[in-house]
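Next up, entry.txt (compact mmCIF, C-alpha atoms and all ligand atoms):
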```txt
# COMPACT_ATOMS: atom_id res chain seq x y z
CA MET O 1 0.00 0.00 0.00
CA ALA O 2 1.23 3.45 -0.92
CA ASP O 3 1.99 6.06 1.73
CA GLN O 4 -1.09 7.79 3.09
CA VAL O 5 -1.85 11.29 4.29
CA GLN O 6 -4.73 12.26 6.56
CA GLY O 7 -7.02 15.21 6.06
CA ARG O 8 -9.77 16.87 8.08
CA CYS O 9 -12.48 19.50 7.94
CA LEU O 10 -12.39 22.76 9.89
CA CYS O 11 -14.23 21.40 12.97
CA GLY O 12 -12.36 18.09 12.94
CA ALA O 13 -15.47 15.87 12.89
CA VAL O 14 -14.59 14.61 9.42
CA THR O 15 -11.26 12.90 8.97
CA PHE O 16 -10.14 10.95 5.94
CA GLU O 17 -7.13 9.31 4.41
CA THR O 18 -5.77 9.37 0.88
CA ASP O 19 -2.61 8.95 -1.18
CA ALA O 20 0.40 10.89 0.10
CA VAL O 21 1.47 11.31 -3.54
CA PRO O 22 -1.35 12.61 -5.77
CA THR O 23 -1.94 11.94 -9.46
CA ALA O 24 -1.78 15.71 -9.96
CA GLN O 25 -2.25 18.86 -7.88
CA ILE O 26 -3.52 22.01 -9.49
CA LEU O 27 -5.21 25.33 -8.92
CA CYS O 28 -8.64 25.35 -10.58
CA TYR O 29 -10.07 28.73 -11.57
CA CYS O 30 -13.40 27.46 -12.93
CA SER O 31 -16.54 29.31 -11.86
CA ASP O 32 -17.93 26.37 -9.87
CA CYS O 33 -14.72 26.07 -7.86
CA GLN O 34 -14.76 29.82 -7.20
CA SER O 35 -18.32 29.59 -5.86
CA VAL O 36 -17.46 26.65 -3.62
CA SER O 37 -14.08 27.85 -2.37
CA GLY O 38 -14.94 31.51 -1.92
CA GLY O 39 -11.67 32.48 -3.58
CA PRO O 40 -10.22 32.86 -7.09
CA ALA O 41 -9.10 29.22 -7.26
CA TYR O 42 -9.63 25.88 -5.60
CA ALA O 43 -6.65 23.78 -4.50
CA ALA O 44 -7.40 20.50 -6.26
CA TYR O 45 -5.39 17.48 -5.11
CA LEU O 46 -6.31 14.75 -7.59
CA VAL O 47 -6.21 11.09 -6.59
CA PRO O 48 -7.93 7.91 -7.82
CA LEU O 49 -11.52 7.88 -6.55
CA ALA O 50 -11.04 4.54 -4.80
CA ASN O 51 -8.16 5.98 -2.75
CA VAL O 52 -10.15 8.32 -0.51
CA ALA O 53 -11.38 6.71 2.71
CA LEU O 54 -13.59 8.41 5.28
CA LEU O 55 -12.19 7.69 8.75
CA SER O 56 -14.65 9.59 10.96
CA GLY O 57 -17.57 11.98 10.84
CA GLU O 58 -20.41 12.42 8.41
CA VAL O 59 -20.31 13.96 4.96
CA SER O 60 -23.14 15.31 2.90
CA ALA O 61 -22.97 15.74 -0.87
CA PHE O 62 -24.10 18.06 -3.61
CA THR O 63 -23.91 17.04 -7.27
CA VAL O 64 -23.67 19.45 -10.19
CA THR O 65 -23.04 19.00 -13.89
CA ALA O 66 -19.81 20.89 -14.60
CA GLU O 67 -19.16 22.97 -17.74
CA SER O 68 -17.33 19.89 -19.03
CA GLY O 69 -20.63 17.99 -18.87
CA ARG O 70 -19.25 15.69 -16.18
CA GLN O 71 -21.03 15.04 -12.90
CA ASN O 72 -19.15 16.46 -9.92
CA THR O 73 -20.26 15.46 -6.42
CA ARG O 74 -18.80 17.71 -3.74
CA LYS O 75 -18.61 16.26 -0.25
CA PHE O 76 -18.73 18.47 2.81
CA CYS O 77 -18.85 18.15 6.60
CA THR O 78 -22.42 18.19 7.92
CA GLN O 79 -21.20 20.02 11.04
CA CYS O 80 -19.04 22.87 9.72
CA GLY O 81 -19.69 22.86 5.97
CA SER O 82 -16.04 22.51 4.95
CA ARG O 83 -15.62 21.01 1.52
CA VAL O 84 -13.36 17.99 1.94
CA TRP O 85 -13.30 16.39 -1.49
CA ALA O 86 -15.23 16.05 -4.73
CA GLU O 87 -15.91 12.91 -6.73
CA ILE O 88 -15.83 12.79 -10.52
CA PRO O 89 -16.96 9.23 -11.33
CA GLU O 90 -16.56 9.62 -15.10
CA LEU O 91 -12.81 10.13 -14.59
CA SER O 92 -12.60 7.75 -11.60
CA MET O 93 -10.96 10.68 -9.83
CA ALA O 94 -11.43 12.47 -6.56
CA SER O 95 -10.46 16.10 -6.12
CA VAL O 96 -9.41 16.48 -2.50
CA SER O 97 -9.32 19.96 -1.00
CA GLY O 98 -5.61 20.73 -0.80
CA PHE O 99 -6.18 22.71 2.38
CA ALA O 100 -8.01 19.86 4.11
CA LEU O 101 -4.57 18.22 4.16
CA PRO O 102 -1.77 19.15 6.58
CA ARG O 103 -0.44 22.64 5.82
CA GLY O 104 2.41 22.54 3.35
CA HIS O 105 1.36 19.24 1.79
CA PHE O 106 -0.41 20.79 -1.21
CA ARG O 107 2.05 22.09 -3.84
CA PRO O 108 0.38 23.22 -7.08
CA GLU O 109 1.95 21.93 -10.30
CA GLY O 110 -0.40 23.47 -12.83
CA LEU O 111 -3.24 25.89 -13.48
CA HIS O 112 -6.66 24.84 -14.76
CA ARG O 113 -8.95 27.35 -16.49
CA ALA O 114 -6.56 30.21 -15.63
CA GLY O 115 -8.34 32.36 -18.23
CA ASN O 116 -11.27 32.50 -15.81
CA ALA O 117 -9.19 34.06 -13.03
CA PRO O 118 -10.28 37.56 -11.98
CA ASP O 119 -8.20 40.36 -13.52
CA TRP O 120 -6.73 41.33 -10.12
CA CYS O 121 -5.42 37.80 -9.57
CA VAL O 122 -1.65 37.35 -9.99
CA LEU O 123 -1.10 33.98 -11.68
CA ASP O 124 2.04 32.01 -10.95
CA GLU O 125 3.86 32.10 -14.30
CA ARG O 126 6.09 29.20 -13.25
CA LEU O 127 3.12 26.85 -13.44
CA PRO O 128 2.02 25.36 -16.79
CA ALA O 129 -1.56 24.97 -17.95
CA PHE O 130 -3.22 21.75 -16.83
CA PRO O 131 -4.01 19.64 -18.72
CA PRO O 132 -1.18 20.74 -21.05
CA GLU O 133 -3.34 20.88 -24.19
CA ALA O 134 -6.06 23.00 -22.55
ZN ZN C 1 -16.42 19.83 10.15
ZN ZN C 2 -12.88 23.85 -10.92
```
Take the structure in the file and write it out as structure tokens.
Amino acid sequence: MADQVQGRCLCGAVTFETDAVPTAQILCYCSDCQSVSGGPAYAAYLVPLANVALLSGEVSAFTVTAESGRQNTRKFCTQCGSRVWAEIPELSMASVSGFALPRGHFRPEGLHRAGNAPDWCVLDERLPAFPPEA
């Protein structure tokens, strides 16, 4: 079994475990992520869907159809409302909130939908577009 990292919501009721090394980790500037995160981008820590395990607490879920047409089910703590991860079954991926993980663990490697960033947002020019062809 690969190394694991544990995450939690703001209140601590929800704890979970996932891969210590993600498939990818990116900043997503899509409109849905802005609405959910309350900021210009969401810290998306992508892992295989099967590799997120709830350890404690209770999560609720809200499903939307993204601009891509894919279903995206966002999971959040029923106590404090923190978004902990999202599930994208069509890609067999989960998008864990990078800031539900221990501070310093999330290190963005790419920018998704950077063209949707607000004009006051300073984008990190060291980071390539993700996926590369987008
Ligand atoms: Zn909570
Ligand atoms: Zn997004």
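Using all atoms listed in the file as the basis for the distance check, residues found within 9 Å of ligand ZN 1 (chain C) are O:Arg8, O:Cys9, O:Leu10, O:Cys11, O:Gly12, O:Ala13, O:Val14, O:Thr15, O:Gly57, O:Glu58, O:Val59, O:Phe76, O:Cys77, O:Thr78, O:Gln79, O:Cys80, O:Gly81, O:Ser82, O:Arg83, O:Val84.
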task = Rank nothing, just name the residue among O:Gly7, O:Pro40, O:Pro102, O:Gly115 nearest to O:Leu55, using only C-alpha atoms.
result = O:Gly7
Tell me, counting only C-alpha atoms and all ligand atoms, for each residue of chain O within 7 Å of ligand ZN 2 (chain C), which pair of atoms is nearest and how far apart they are in Å to one decimal, in rows ordered by chain and increasing number, as JSON lines.
```
{"residue": "O:Cys28", "atom": "CA", "partner": "C:ZN2", "partner_atom": "ZN", "distance": 4.5}
{"residue": "O:Tyr29", "atom": "CA", "partner": "C:ZN2", "partner_atom": "ZN", "distance": 5.7}
{"residue": "O:Cys30", "atom": "CA", "partner": "C:ZN2", "partner_atom": "ZN", "distance": 4.2}
{"residue": "O:Ser31", "atom": "CA", "partner": "C:ZN2", "partner_atom": "ZN", "distance": 6.6}
{"residue": "O:Asp32", "atom": "CA", "partner": "C:ZN2", "partner_atom": "ZN", "distance": 5.7}
{"residue": "O:Cys33", "atom": "CA", "partner": "C:ZN2", "partner_atom": "ZN", "distance": 4.2}
{"residue": "O:Tyr42", "atom": "CA", "partner": "C:ZN2", "partner_atom": "ZN", "distance": 6.6}
```
inquiry  = Could you tell me how far atom CA of O:Thr65 sits from atom CA of O:Trp120, in Å to one decimal place?
reply    =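 Atom CA of O:Trp120 sits 27.9 Å away from atom CA of O:Thr65.
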request  = Please indicate the distance in Å from atom CA of O:Ile26 to atom CA of O:Phe106, rounded to one decimal place.
outcome  =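 Here the two named atoms are 8.9 Å from each other.
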query = So which one's closest to O:Ser95, O:Arg70, O:Arg107, O:Pro132, O:Leu49? Using only C-alpha atoms, please.
reply = O:Leu49
key: Atomic separation - atom CA of O:Ala117 relative to atom CA of O:Ala66, Å   =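 Atom CA of O:Ala117 lies 17.0 Å from atom CA of O:Ala66.
Checking O:Leu111, O:Leu127, O:Ala20, O:Val52 one by one against O:Trp85, counting all atoms listed in the file, you find the shortest gap at O:Val52.
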